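Dumped query18.tsv below, it's TSV, C-alpha atoms and all ligand atoms:
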chain	number	residue	atom	x	y	z
A	1426	MET	CA	17.48	-25.75	-186.43
A	1427	SER	CA	13.80	-26.69	-186.37
A	1428	PRO	CA	12.09	-27.13	-189.76
A	1429	SER	CA	10.11	-24.15	-190.99
A	1430	LEU	CA	7.84	-26.33	-193.14
A	1431	ALA	CA	5.01	-28.61	-192.03
A	1432	CYS	CA	2.64	-30.82	-193.96
A	1433	ILE	CA	-0.88	-31.47	-192.74
A	1434	GLY	CA	-2.07	-34.64	-194.37
A	1435	GLY	CA	-5.06	-36.93	-194.37
A	1436	THR	CA	-5.39	-40.65	-193.89
A	1437	ALA	CA	-3.77	-41.65	-197.19
A	1438	ALA	CA	-0.68	-39.60	-196.34
A	1439	TYR	CA	-0.56	-41.03	-192.83
A	1440	ASP	CA	-0.62	-44.54	-194.32
A	1441	LEU	CA	2.67	-43.67	-196.06
A	1442	LEU	CA	4.13	-42.94	-192.68
A	1443	ARG	CA	2.83	-46.21	-191.25
A	1444	GLU	CA	4.26	-48.10	-194.22
A	1445	GLY	CA	7.67	-46.44	-193.78
A	1446	ALA	CA	7.60	-44.43	-197.03
A	1447	LEU	CA	7.91	-41.33	-194.85
A	1448	VAL	CA	10.68	-41.67	-192.26
A	1449	ALA	CA	9.61	-39.88	-189.10
A	1450	ARG	CA	10.05	-39.54	-185.36
A	1451	ARG	CA	6.84	-39.17	-183.35
A	1452	LEU	CA	6.63	-36.00	-181.25
A	1453	GLY	CA	2.99	-36.75	-180.38
A	1454	PRO	CA	0.06	-34.42	-179.68
A	1455	GLN	CA	1.00	-30.94	-178.43
A	1456	ALA	CA	-0.81	-29.06	-175.64
A	1457	THR	CA	-2.18	-25.65	-176.69
A	1458	PRO	CA	-4.61	-23.13	-175.12
A	1459	PHE	CA	-7.20	-24.60	-177.52
A	1460	GLY	CA	-6.74	-28.23	-176.48
A	1461	HIS	CA	-4.40	-30.91	-177.77
A	1462	SER	CA	-3.29	-31.00	-181.37
A	1463	GLN	CA	-3.25	-34.12	-183.48
A	1464	PRO	CA	0.04	-36.06	-183.28
A	1465	ILE	CA	3.00	-34.37	-184.91
A	1466	TYR	CA	5.97	-36.15	-186.51
A	1467	TYR	CA	9.45	-34.95	-187.34
A	1468	CYS	CA	10.39	-36.15	-190.83
A	1469	GLU	CA	13.95	-36.27	-191.99
A	1470	SER	CA	14.73	-36.21	-195.68
A	1471	ARG	CA	17.82	-35.94	-197.84
A	1472	LEU	CA	17.03	-32.40	-198.99
A	1473	GLY	CA	15.45	-30.96	-195.87
A	1474	ASP	CA	13.45	-31.80	-192.75
A	1475	PHE	CA	9.79	-31.00	-192.14
A	1476	TYR	CA	6.99	-31.73	-189.70
A	1477	PHE	CA	3.98	-33.88	-190.50
A	1478	LEU	CA	0.63	-33.65	-188.75
A	1479	SER	CA	-1.91	-36.40	-189.22
A	1480	ARG	CA	-5.22	-34.54	-189.51
A	1481	HIS	CA	-7.56	-37.46	-188.85
A	1482	GLY	CA	-5.61	-39.28	-186.14
A	1483	GLU	CA	-3.37	-42.29	-186.01
A	1484	LEU	CA	-5.72	-45.24	-186.32
A	1485	GLY	CA	-7.19	-44.38	-189.69
A	1486	TYR	CA	-10.10	-42.09	-190.38
A	1487	GLU	CA	-11.30	-41.93	-186.76
A	1488	LEU	CA	-11.79	-38.16	-186.74
A	1489	ALA	CA	-14.12	-36.77	-189.41
A	1490	PRO	CA	-13.28	-33.24	-190.66
A	1491	SER	CA	-16.11	-31.66	-188.61
A	1492	PHE	CA	-14.44	-32.80	-185.38
A	1493	VAL	CA	-10.80	-31.93	-186.12
A	1494	ASN	CA	-9.41	-29.36	-183.67
A	1495	TYR	CA	-8.07	-27.04	-186.37
A	1496	ARG	CA	-7.13	-24.30	-183.90
A	1497	ALA	CA	-5.00	-26.63	-181.77
A	1498	ASN	CA	-3.28	-28.03	-184.89
A	1499	ILE	CA	-2.35	-24.63	-186.32
A	1500	TYR	CA	-1.34	-23.22	-182.92
A	1501	ALA	CA	0.87	-26.27	-182.23
A	1502	LEU	CA	2.71	-25.85	-185.54
A	1503	LYS	CA	3.20	-22.12	-184.92
A	1504	ALA	CA	4.60	-22.92	-181.46
A	1505	LEU	CA	7.15	-25.22	-183.16
A	1506	ASP	CA	8.32	-22.19	-185.23
A	1507	VAL	CA	6.75	-23.49	-188.45
A	1508	ARG	CA	6.41	-20.66	-190.97
A	1509	ALA	CA	4.84	-22.48	-193.92
A	1510	ILE	CA	2.12	-25.12	-194.01
A	1511	VAL	CA	1.43	-27.44	-196.91
A	1512	SER	CA	-2.01	-28.93	-196.81
A	1513	TRP	CA	-2.18	-32.20	-198.65
A	1514	SER	CA	-5.81	-32.87	-199.53
A	1515	GLU	CA	-7.89	-35.41	-201.39
A	1516	THR	CA	-10.63	-33.88	-203.53
A	1517	ARG	CA	-13.50	-34.89	-205.78
A	1518	ALA	CA	-13.72	-33.04	-209.08
A	1519	LEU	CA	-16.96	-31.38	-210.13
A	1520	SER	CA	-15.69	-31.08	-213.69
A	1521	HIS	CA	-14.52	-33.98	-215.85
A	1522	ASN	CA	-11.90	-31.63	-217.28
A	1523	TYR	CA	-9.77	-32.63	-214.31
A	1524	ARG	CA	-8.04	-35.95	-214.66
A	1525	ILE	CA	-8.14	-38.52	-211.84
A	1526	GLY	CA	-4.73	-38.48	-210.16
A	1527	GLU	CA	-4.01	-34.92	-211.33
A	1528	TYR	CA	-2.55	-32.44	-208.83
A	1529	VAL	CA	-4.27	-29.08	-208.41
A	1530	ILE	CA	-2.68	-26.04	-206.78
A	1531	VAL	CA	-5.99	-24.54	-205.72
A	1532	HIS	CA	-6.24	-20.75	-205.81
A	1533	ASP	CA	-9.52	-19.95	-204.05
A	1534	VAL	CA	-11.99	-21.38	-201.52
A	1535	ILE	CA	-15.72	-21.31	-200.90
A	1536	ASP	CA	-16.49	-22.11	-197.27
A	1537	GLU	CA	-19.75	-24.05	-196.92
A	1538	THR	CA	-18.96	-25.47	-193.47
A	1539	THR	CA	-21.47	-24.84	-190.73
A	1540	SER	CA	-20.18	-26.06	-187.38
A	1541	ARG	CA	-16.45	-25.36	-187.01
A	1542	ALA	CA	-14.60	-22.88	-184.81
A	1543	ASN	CA	-13.31	-20.58	-187.54
A	1544	THR	CA	-11.28	-17.99	-185.62
A	1545	PHE	CA	-8.76	-17.84	-182.79
A	1546	PHE	CA	-10.26	-14.58	-181.64
A	1547	GLU	CA	-13.65	-15.20	-180.11
A	1548	ASN	CA	-14.78	-12.10	-178.20
A	1549	GLN	CA	-11.61	-10.16	-179.05
A	1550	GLY	CA	-12.68	-8.03	-182.00
A	1551	LEU	CA	-9.74	-9.28	-184.05
A	1552	GLY	CA	-9.39	-11.32	-187.21
A	1553	LEU	CA	-10.51	-8.82	-189.85
A	1554	VAL	CA	-8.04	-10.32	-192.25
A	1555	ARG	CA	-8.13	-9.82	-196.01
A	1556	GLN	CA	-8.54	-13.10	-197.92
A	1557	TRP	CA	-6.75	-12.27	-201.13
A	1558	PRO	CA	-4.54	-13.90	-202.07
A	1559	VAL	CA	-6.27	-16.75	-200.26
A	1560	PHE	CA	-3.22	-19.01	-200.47
A	1561	CYS	CA	0.40	-17.98	-200.06
A	1562	PRO	CA	1.78	-17.01	-203.52
A	1563	SER	CA	5.34	-18.00	-202.54
A	1564	LEU	CA	4.25	-21.50	-201.56
A	1565	ARG	CA	2.08	-21.86	-204.67
A	1566	ALA	CA	5.03	-20.86	-206.84
A	1567	ALA	CA	7.19	-23.42	-205.01
A	1568	PHE	CA	4.55	-26.14	-205.63
A	1569	GLU	CA	4.59	-25.26	-209.31
A	1570	ARG	CA	8.36	-25.54	-209.58
A	1571	THR	CA	8.33	-28.77	-207.58
A	1572	LEU	CA	5.70	-30.38	-209.80
A	1573	GLU	CA	7.45	-29.22	-212.96
A	1574	THR	CA	10.77	-30.61	-211.74
A	1575	GLU	CA	9.14	-33.93	-210.92
A	1576	GLU	CA	7.29	-33.93	-214.26
A	1577	CYS	CA	3.86	-34.29	-212.67
A	1578	ASP	CA	0.52	-33.67	-214.34
A	1579	PHE	CA	-1.00	-30.61	-212.60
A	1580	SER	CA	-3.25	-27.59	-212.86
A	1581	ASP	CA	-2.41	-24.30	-211.12
A	1582	GLN	CA	-6.03	-23.15	-210.96
A	1583	GLY	CA	-8.96	-24.53	-209.02
A	1584	VAL	CA	-11.69	-23.29	-206.70
A	1585	TYR	CA	-12.12	-25.63	-203.72
A	1586	ILE	CA	-15.48	-25.79	-202.00
A	1587	CYS	CA	-15.21	-26.96	-198.41
A	1588	VAL	CA	-18.33	-28.80	-197.25
A	1589	GLU	CA	-19.19	-30.01	-193.75
A	1590	GLY	CA	-19.49	-33.75	-194.38
A	1591	PRO	CA	-18.80	-36.43	-193.40
A	1592	ARG	CA	-21.43	-37.54	-195.90
A	1593	ARG	CA	-20.96	-37.17	-199.63
A	1594	GLU	CA	-22.73	-34.52	-201.68
A	1595	THR	CA	-26.09	-35.16	-203.32
A	1596	PRO	CA	-26.29	-34.77	-207.14
A	1597	ALA	CA	-28.31	-31.54	-206.66
A	1598	GLU	CA	-25.69	-30.17	-204.28
A	1599	ALA	CA	-22.94	-31.01	-206.77
A	1600	ARG	CA	-24.84	-29.01	-209.41
A	1601	LYS	CA	-25.27	-26.14	-206.91
A	1602	TYR	CA	-21.54	-26.11	-206.13
A	1603	THR	CA	-20.77	-25.93	-209.86
A	1604	LEU	CA	-23.12	-22.97	-210.18
A	1605	LEU	CA	-21.31	-21.30	-207.26
A	1606	GLY	CA	-18.09	-21.52	-209.24
A	1607	ALA	CA	-16.39	-24.46	-207.52
A	1608	ASP	CA	-14.14	-26.94	-209.32
A	1609	LEU	CA	-13.28	-29.37	-206.53
A	1610	ILE	CA	-15.07	-30.60	-203.41
A	1611	GLY	CA	-13.30	-31.33	-200.15
A	1612	GLN	CA	-13.93	-31.18	-196.42
A	1613	THR	CA	-10.75	-29.89	-194.82
A	1614	LEU	CA	-9.32	-26.58	-196.05
A	1615	ALA	CA	-11.75	-24.40	-194.09
A	1616	PRO	CA	-11.13	-23.08	-191.52
A	1617	GLU	CA	-7.51	-24.30	-191.69
A	1618	VAL	CA	-6.41	-21.72	-194.27
A	1619	PHE	CA	-8.14	-18.86	-192.39
A	1620	LEU	CA	-6.62	-19.87	-189.04
A	1621	ALA	CA	-3.13	-20.04	-190.54
A	1622	LYS	CA	-3.60	-16.45	-191.75
A	1623	GLU	CA	-4.59	-15.34	-188.26
A	1624	LEU	CA	-1.25	-16.65	-187.00
A	1625	GLN	CA	0.61	-15.02	-189.92
A	1626	MET	CA	1.75	-18.29	-191.47
A	1627	CYS	CA	2.19	-19.16	-195.13
A	1628	TYR	CA	-0.37	-21.77	-196.17
A	1629	ALA	CA	-1.17	-23.41	-199.49
A	1630	SER	CA	-2.84	-26.60	-200.51
A	1631	LEU	CA	-1.71	-29.24	-202.90
A	1632	CYS	CA	-4.80	-31.21	-203.82
A	1633	TYR	CA	-5.13	-34.32	-205.89
A	1634	VAL	CA	-8.22	-35.55	-207.68
A	1635	ALA	CA	-9.25	-38.91	-206.23
A	1636	SER	CA	-12.65	-39.23	-207.92
A	1637	TYR	CA	-15.48	-37.30	-209.53
A	1638	ALA	CA	-18.33	-35.72	-207.60
A	1639	GLU	CA	-21.71	-37.42	-207.46
A	1640	ASN	CA	-23.68	-36.84	-210.65
A	1641	GLY	CA	-26.60	-39.17	-209.96
A	1642	SER	CA	-25.66	-41.66	-212.66
A	1643	ASP	CA	-24.13	-45.11	-212.55
A	1644	PHE	CA	-22.70	-44.71	-216.06
A	1645	ARG	CA	-18.96	-44.31	-216.07
A	1646	PRO	CA	-17.11	-41.19	-217.26
A	1647	PHE	CA	-15.20	-41.10	-220.53
A	1648	GLU	CA	-11.63	-40.10	-221.15
A	1649	ASN	CA	-10.30	-39.58	-224.67
A	1650	GLY	CA	-13.38	-41.32	-226.04
A	1651	ARG	CA	-12.94	-44.42	-223.87
A	1652	ILE	CA	-14.85	-45.49	-220.78
A	1653	LEU	CA	-12.71	-44.79	-217.74
A	1654	ASP	CA	-12.10	-48.02	-215.88
A	1655	PRO	CA	-12.58	-47.81	-212.04
A	1656	GLY	CA	-9.36	-49.81	-211.56
A	1657	VAL	CA	-7.42	-47.25	-213.60
A	1658	GLN	CA	-8.93	-44.43	-211.52
A	1659	GLN	CA	-7.87	-46.13	-208.30
A	1660	ARG	CA	-4.34	-46.77	-209.52
A	1661	ARG	CA	-3.89	-43.15	-210.61
A	1662	ALA	CA	-5.16	-41.75	-207.30
A	1663	ARG	CA	-2.86	-44.14	-205.43
A	1664	ALA	CA	0.12	-43.11	-207.57
A	1665	ALA	CA	-0.60	-39.44	-206.77
A	1666	VAL	CA	-0.45	-40.24	-203.05
A	1667	GLU	CA	2.67	-42.39	-203.31
A	1668	ARG	CA	4.59	-39.48	-204.83
A	1669	LEU	CA	3.98	-37.33	-201.74
A	1670	PRO	CA	7.24	-38.07	-199.81
A	1671	ARG	CA	9.27	-37.30	-202.92
A	1672	LEU	CA	7.32	-34.06	-203.54
A	1673	LEU	CA	7.73	-32.88	-199.95
A	1674	GLU	CA	11.44	-33.56	-200.04
A	1675	ARG	CA	11.78	-31.63	-203.31
A	1676	LEU	CA	9.61	-28.81	-201.94
A	1677	THR	CA	11.90	-28.26	-198.93
A	1678	ASP	CA	14.73	-27.78	-201.41
A	1679	VAL	CA	12.77	-25.55	-203.82
A	1680	LEU	CA	11.56	-23.34	-200.97
A	1681	ASN	CA	15.14	-22.51	-200.02
A	1682	SER	CA	15.65	-20.88	-203.41
A	1683	THR	CA	12.16	-19.35	-203.89
A	1684	PRO	CA	12.14	-15.60	-203.26
A	1685	ALA	CA	9.55	-14.53	-200.69
A	1686	MET	CA	6.78	-12.67	-202.49
A	1687	CYS	CA	4.07	-12.81	-199.87
A	1688	ARG	CA	2.90	-10.74	-196.95
A	1689	CYS	CA	1.70	-13.68	-194.84
A	1690	GLU	CA	4.06	-12.75	-192.01
A	1691	VAL	CA	2.26	-9.43	-191.48
A	1692	SER	CA	-1.35	-10.44	-192.12
A	1693	MET	CA	-2.29	-9.19	-188.63
A	1694	GLY	CA	-0.15	-6.06	-189.02
A	1695	HIS	CA	-3.13	-3.70	-189.13
A	1696	HIS	CA	-4.26	-4.92	-185.69
A	1697	VAL	CA	-0.70	-4.35	-184.39
A	1698	GLN	CA	-0.61	-0.85	-185.90
A	1699	ALA	CA	-3.97	-0.06	-184.33
A	1700	GLY	CA	-2.48	-0.98	-180.95
A	1701	GLN	CA	-4.94	-3.86	-180.44
A	1702	ILE	CA	-2.25	-6.54	-180.12
A	1703	ASP	CA	1.51	-6.81	-179.57
A	1704	LEU	CA	4.01	-8.06	-182.10
A	1705	GLU	CA	4.62	-11.20	-180.01
A	1706	TRP	CA	1.92	-13.63	-181.12
A	1707	ARG	CA	1.87	-15.68	-177.91
A	1708	SER	CA	0.65	-12.64	-175.99
A	1709	TRP	CA	-2.54	-12.70	-178.12
A	1710	PHE	CA	-3.61	-15.84	-176.27
A	1711	GLU	CA	-2.58	-15.15	-172.70
A	1712	ASP	CA	-6.21	-15.10	-171.67
A	1713	GLU	CA	-6.94	-18.51	-173.21
A	1714	ALA	CA	-3.96	-19.96	-171.34
A	1715	ARG	CA	-5.40	-18.90	-167.96
A	1716	PRO	CA	-7.82	-21.08	-165.96
A	1717	LEU	CA	-11.43	-20.20	-166.81
A	1718	GLU	CA	-12.16	-18.40	-163.48
A	1719	ASN	CA	-9.21	-16.00	-164.00
A	1720	ARG	CA	-10.10	-14.90	-167.53
A	1721	THR	CA	-10.92	-11.33	-168.46
A	1722	LEU	CA	-14.61	-10.77	-169.10
A	1723	PRO	CA	-15.32	-9.56	-172.65
B	1801	ZN	ZN	3.43	-16.64	-197.56
Could you render the structure from this file as structure tokens?
Amino acid sequence: MSPSLACIGGTAAYDLLREGALVARRLGPQATPFGHSQPIYYCESRLGDFYFLSRHGELGYELAPSFVNYRANIYALKALDVRAIVSWSETRALSHNYRIGEYVIVHDVIDETTSRANTFFENQGLGLVRQWPVFCPSLRAAFERTLETEECDFSDQGVYICVEGPRRETPAEARKYTLLGADLIGQTLAPEVFLAKELQMCYASLCYVASYAENGSDFRPFENGRILDPGVQQRRARAAVERLPRLLERLTDVLNSTPAMCRCEVSMGHHVQAGQIDLEWRSWFEDEARPLENRTLP
């Protein structure tokens, strides 16, 4: 049986795979009507198998978030019968109330990206999808149980602001993002989470805090009254990443006993009921699969 869980990870997670901490078989990039996906791996673990997709490529950080083909990645995972996607994401905390190395099960997103294809349904009049809950509650509950079981330091609340990048934020932008209500800055969750919803997949993100956002000062932050040493910060962030294979393995097990309490599988149900699309999701993209000259004009 093919795994129903996939993890989309960044460069640090892919390094684990290169170093052998994640045991995987390479399936490679998959062809989709939206172009080729990033390479996909089949990971076997003691408690359950899962897929892994390397978001930024296989050489390192050769593909900045603005240039990732999010549609091809999500479509490819759906075509492999994946039902739930775990996004593993590095973040920078806007508030010093988050600890470096802490996990955050983010609960909401502000999309500040400007140049990404953010829907599968260009010129189709589809995709009016409600964005609450933003992340799958079943997956978030499973993250919580996994992190508790593994005795990890985590927060179950956090608003993630997705910025275009690849550059870092300016101090004024960091202050603006705080005023907007964001807790963590990252560059990858949008439009990934929205696209997963359009294909009726469960999606949630497990973030970790790798550093603090730019505050325009070279003075170091404090923790418990002591200056936080950069070496300590680096070691904590690294430790958070190194725990990933163990967490994914545990998650596959926890998911098997977590009752489904989400409606992700029917997020396009209103379009089906309105007769705009069929139940079979592949039929939604028959036009994209045709050569350009044979496509239906909008
Ligand atoms: Zn769900």
Query raised in the report: Mind pulling up the distance from CA of Asp1578 in chain A to CA of Leu1680 in chain A?
Result: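 Between these atoms lies a distance of 20.2 Å.
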Requested in this report: Please identify the residues whose atoms come within 8 Å of ligand ZN 1801 (chain B), using only C-alpha atoms and all ligand atoms, and report them as a PyMOL selection string.
Outcome: chain A and resi 1509+1560-1564+1626-1628+1685-1690
Query raised in the report: So how far away is CA of Thr1683 in chain A from CA of Gly1552 in chain A, in Å?
Result: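 Result for CA of Gly1552 in chain A versus CA of Thr1683 in chain A: 28.4 Å, one decimal.
Residue nearest Ala1662 in chain A within the list A:Ile1525, A:Val1511, A:Ala1599, A:Ala1446: A:Ile1525 [criterion: smallest interatomic distance, all atoms listed in the file].
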Query - For Ser1514 in chain A: contacts at 10 Å, only C-alpha atoms, fewer than 2 positions along chain excluded, given as a ChimeraX atom specification - result: /A:1433-1438,1511-1512,1516,1528-1529,1611-1614,1630-1635,1666
Query raised in the report: Counting all atoms listed in the file, what is within 12 Å of Leu1572 in chain A, bar same-chain residues fewer than 6 positions away, as a list in words?
Result: Glu1527, Tyr1528, Val1529, Ile1530, Arg1565, Ala1566, Asp1578, Phe1579, Ser1580, Asp1581, Leu1631, Ala1665, Arg1668, Leu1669, Arg1671, Leu1672, Leu1673, Glu1674, Arg1675, Leu1676 and Val1679 of chain A
